[in-house]
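Peer 1: Below you will find the structure I want to go over with you.
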Amino acid sequence: MIETRGLRKSFRSRAGRETKTVDAVRGVNLDVAEGEIFGFLGPNGAGKTTTLRMLATLIEPDGGQATVAGADLRKDPAGVRRRIGYVPQGGSTWDESTAREELVLQARLYGISKADAQRRATRALDAFQLTEYADRKCKTYSGGQRRRVEIALGIIHEPKIVFLDEPTTGLDPQSRAHMWDEIRRLRTEGMTVFITTHYLDEADALCDRIAIMDHGEVVAEGTPAELKREISGEVVIVGLDAATTPHAAQLLDTEAYVTKLETADEGGLRLYVDDGAVAIPQVLRRLDHAGVELRSIELHRPSLDDVFLTKTGRSLRES
Amino acid sequence: MKLARDTWLIFQRQAQLLLRNPVWVFVGVFQPVMYLLLFAPLLKPALNAPTQAAAYKIFVPGLLVLLAIFGGLFQGFGLIAELRAGVIERSRVTPVSRLALLLGRSLRDVVSLIAQAVIITLLALLFDLRVFIGYLLLAYLMLALIALMTSAVSYGVALKVKSEDALAPLMNTVAQPVLLLSGILLPLTFAPGWLQGVARWNPFSWAVDGTRALFGGDLGNDKVWQGLAIITVLAVAGVVWAARQFARSVR
Ligand SMILES: Nc1ncnc2c1ncn2[C@@H]1O[C@H](COP(=O)(O)OP(=O)(O)OP(=O)(O)O)[C@@H](O)[C@H]1O
Ligand SMILES: [Mg+2]
């Protein structure tokens with residue numbers, strides 16, 4: 001559905017006297033399959049929005065190629081526009097218009113007839129549970145309601161692909177969960193959804209596949225499970241008294257399923273294992289046999305943050 | 001065909017939003033009426049006009065051209081608000097014609113300017129101004145072309161500078177000399193030779209002269225077709241340039 005090769009963009013910005021060049025996107029290769037929810041995960045300034053804006057024909061790339069829904073981004077931007085929807089990060093509704101007016105106008109800008117546009121608007125308002133507020137000015141909406149209007153605007157013409165730039169930023173947990181349901185619904189309707197986010201849990205729970213972006217480059221790509229599996233496996237944290245720790249370390253170090261053993265900062269041991277579910281019963285049995293008393297046992301599965309950490313040397317939470 | 005349809009869509013929306021805000025409609029009528037009632041009475045003695053009606057024949061066309069210039073030049077502010085709200089970006093991802101994004105807006109400005117002009121003309125009729133209807137329509141055409149040009153330029157500049165803080169001084173800097181050098185409020189016939197020489201390079205000066213000739217019933221005056229020709233060329237150039245900004249503006 002989307003294929004990019006070496007997509008690049010740099011901005012020249014003036015800070016006082018000197019002009020600085022910011023390489024916002026430096027050679028991005030992506031392959032997004034039809035009907036998937038593809039997530040773009042990265043910290044502020046990673047280049048997510050810039051990439052999206054290039055794919056949505058809003059800015060011209062400095063280099064590289066891309067095909068979006070079968071149309072060449074460079075040679076046929078008009079073809080791309082007809083097939084995509086785009087919901088910008090910073091909002092797209094006008095304070096003084098109503099949701100219905102906005103939806104009808106947006107549909108008509110895609111060449112849809114007036115009667116059909118009105119039908120679609122009504123249907124979209126219904127689908128996004130906006131009927132109640134449909135004829136109120138947008139400035140009276142809550143953040144979550146307004147976000148739903150904006151997403152409805154992005155898909156009113158039933159595009160093949162919709163780009164959602166941080167669809168859930170600023171929403172409370174409940175509205176976020178609702179938004180996830182809406183996005184999943186788009187997928188069941190056959191749309192390919194390309195979202196950006198800097199929420200780890202969102203990328204993990206919502207996306208079929210993700211690309212992790214940092215400093216304008218894709219540093220990792222795959223399903224959340226694949227990405228997590230790639231790094232170090234799982235960690236069993238065994239809580240022990242200081243007196244018994246050396247003995248326990250001796251016992252467990254020779255076990256076949258332990259790939260690496262460390263003394264944990266908080267006391268006790270950290271065991272690196274392939275599969276925690278298999279390892280934990282064996283650890284318990286071994287220590288029990290030897291009469292070593294155990295305070296706690298805990299399984300730490302790698303998160304996407306660990307993936308980010310190993311790829312970039314920084315934690316996404318810190319950046 | 002698509003251009004006409006898209007332009008109509010944008011025009012409709014912009015007109016609807018304008019009408020929804022009665023403050024603007026009120027201000028748009030109130031200001032020129034103030035000029036007419038409070039400024040015009042000074043003119044008969046100042047211009048040495050034989051009658052009040054003769055003074056109005058000189059002043060009203062100038063006032064209308066003034067409205068067309070200023071009404072147009074400050075439209076960019078509304079566009080910057082739209083830019084910030086993401087409305088322009090949202091339109092630019094659709095296949096809508098870029099020229100229509102501009103024309104729909106500029107034509108809204110033209111129509112509201114003409115509405116203002118009609119109100120002022122009607123009021124001036126009460127003060128014994130008399131103009132032949134055919135000439136009046138030609139004068140309105142001139143006003144429409146001026147408003148089309150100034151609003152297009154204002155939109156184009158707004159897309160380039162993207163901030164009110166930059167747009168305001170820029171437009172004022174442009175508007176002031178244009179205003180002073182066009183003989184809008186007082187004809188330049190009283191001006192010293194060098195000033196008249198400079199004013200010859202101001203296209204609006206030609207437009208004002210042409211409009212005055214039309215109000216004076218002097219269709220044969222060369223200033224009429226010259227003014228119309230100059231403003232038409234500038235309007236087309238302004239529209240083409242501004243539409244290009246819509247096609248490539250970043251953020
Ligand atoms: N129009 C512009 N002019 C100059 N610099 C820009 C422009 N747009 C983006 N940048 C710069 O490009 C880099 C990437 O920005 P981008 O908006 O793509 O990041 P992002 O990943 O979307 O971040 P966020 O999560 O904060 O939205 C940043 O350093 C930004 O300052
Ligand atoms: Mg962004």
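Convention: chains lettered A, B, ... in structure tokens order; per-chain residue numbering from 1; ligands numbered from 1 as shown.
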Neighbours of range 22-29 of chain A within 12 Å (only C-alpha atoms; same-chain residues fewer than 6 positions away dropped), as JSON, numbers by chain?
Peer 2: {"A": [2, 3, 4, 5, 6, 7, 8, 9, 10, 11, 12, 13, 14, 15, 40, 44, 45, 46, 47, 48, 49, 50, 51, 52, 53, 54, 55, 61, 62, 63, 64, 65, 66, 67, 211, 212, 213, 214, 215, 216, 217, 218, 219, 220, 221]}
Peer 1: Give me the residues near Arg148 in chain A as an NGL selection string, where near means some atom within 9 Å (using only C-alpha atoms) and where sequence neighbours in that chain fewer than 5 positions away do not count.
Peer 2: :A and (128-130 or 143 or 153 or 167 or 179 or 182)
Peer 1: Residues of chain B within 7 Å of chain A: nearest atom pair and distance (Å, one decimal) for each, counting only C-alpha atoms, sorted by chain and number, as a tab-separated table?
Peer 2:
residue	atom	partner	partner_atom	distance
B:Asp6	CA	A:Leu109	CA	6.9
B:Ala85	CA	A:Ser92	CA	5.7
B:Gly86	CA	A:Ser92	CA	4.2
B:Val87	CA	A:Ser92	CA	5.0
B:Arg90	CA	A:Ser92	CA	6.1
B:Val93	CA	A:Arg81	CA	5.8
B:Thr94	CA	A:Arg81	CA	5.7
B:Pro95	CA	A:Arg81	CA	5.8
B:Val96	CA	A:Leu109	CA	5.5
B:Val250	CA	A:Ile59	CA	6.4
Peer 1: Can you work out the spacing between CA of Tyr155 in chain B and CA of Gly76 in chain B in Å, to one decimal?
Peer 2: 4.6 Å
Peer 1: Write out as a PyMOL selection string the residues lying within 7 Å of Thr196 in chain A, counting only C-alpha atoms and excluding same-chain residues fewer than 3 positions away.
Peer 2: chain A and resi 39-41+48+164-166
Peer 1: So that I can check the surroundings of Leu102 in chain B, please list as a PyMOL selection string every protein, DNA and RNA residue that reaches within 12 Å of it, counting only C-alpha atoms and ignoring chain neighbours fewer than 2 positions away.
Peer 2: chain B and resi 3+6-11+14+75-76+79+88+91-92+96-100+104-109+148-149+151-156+158-159+238-247
Peer 1: What does the distance from CA of Glu234 in chain A to CA of Arg176 in chain A come to in Å, to one decimal?
Peer 2: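 Value for the CA of Glu234 in chain A-CA of Arg176 in chain A distance: 29.0 Å.
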Peer 1: Can you tell me, as JSON, numbers by chain, which residues in range 50-161 of chain A count as alpha helix (DSSP H) by DSSP?
Peer 2: {"A": [50, 51, 52, 53, 54, 55, 77, 78, 79, 80, 81, 82, 83, 99, 100, 101, 102, 103, 104, 105, 106, 107, 108, 109, 114, 115, 116, 117, 118, 119, 120, 121, 122, 123, 124, 125, 126, 127, 143, 144, 145, 146, 147, 148, 149, 150, 151, 152, 153, 154, 155]}
Peer 1: Provide the CA of Thr21 in chain A to atom 19 (O, counted along the ligand's line) of ligand 1 distance in Å, to one decimal place.
Peer 2: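 Interatomic distance, CA of Thr21 in chain A to atom 19 (O, counted along the ligand's line) of ligand 1: 14.6 Å.
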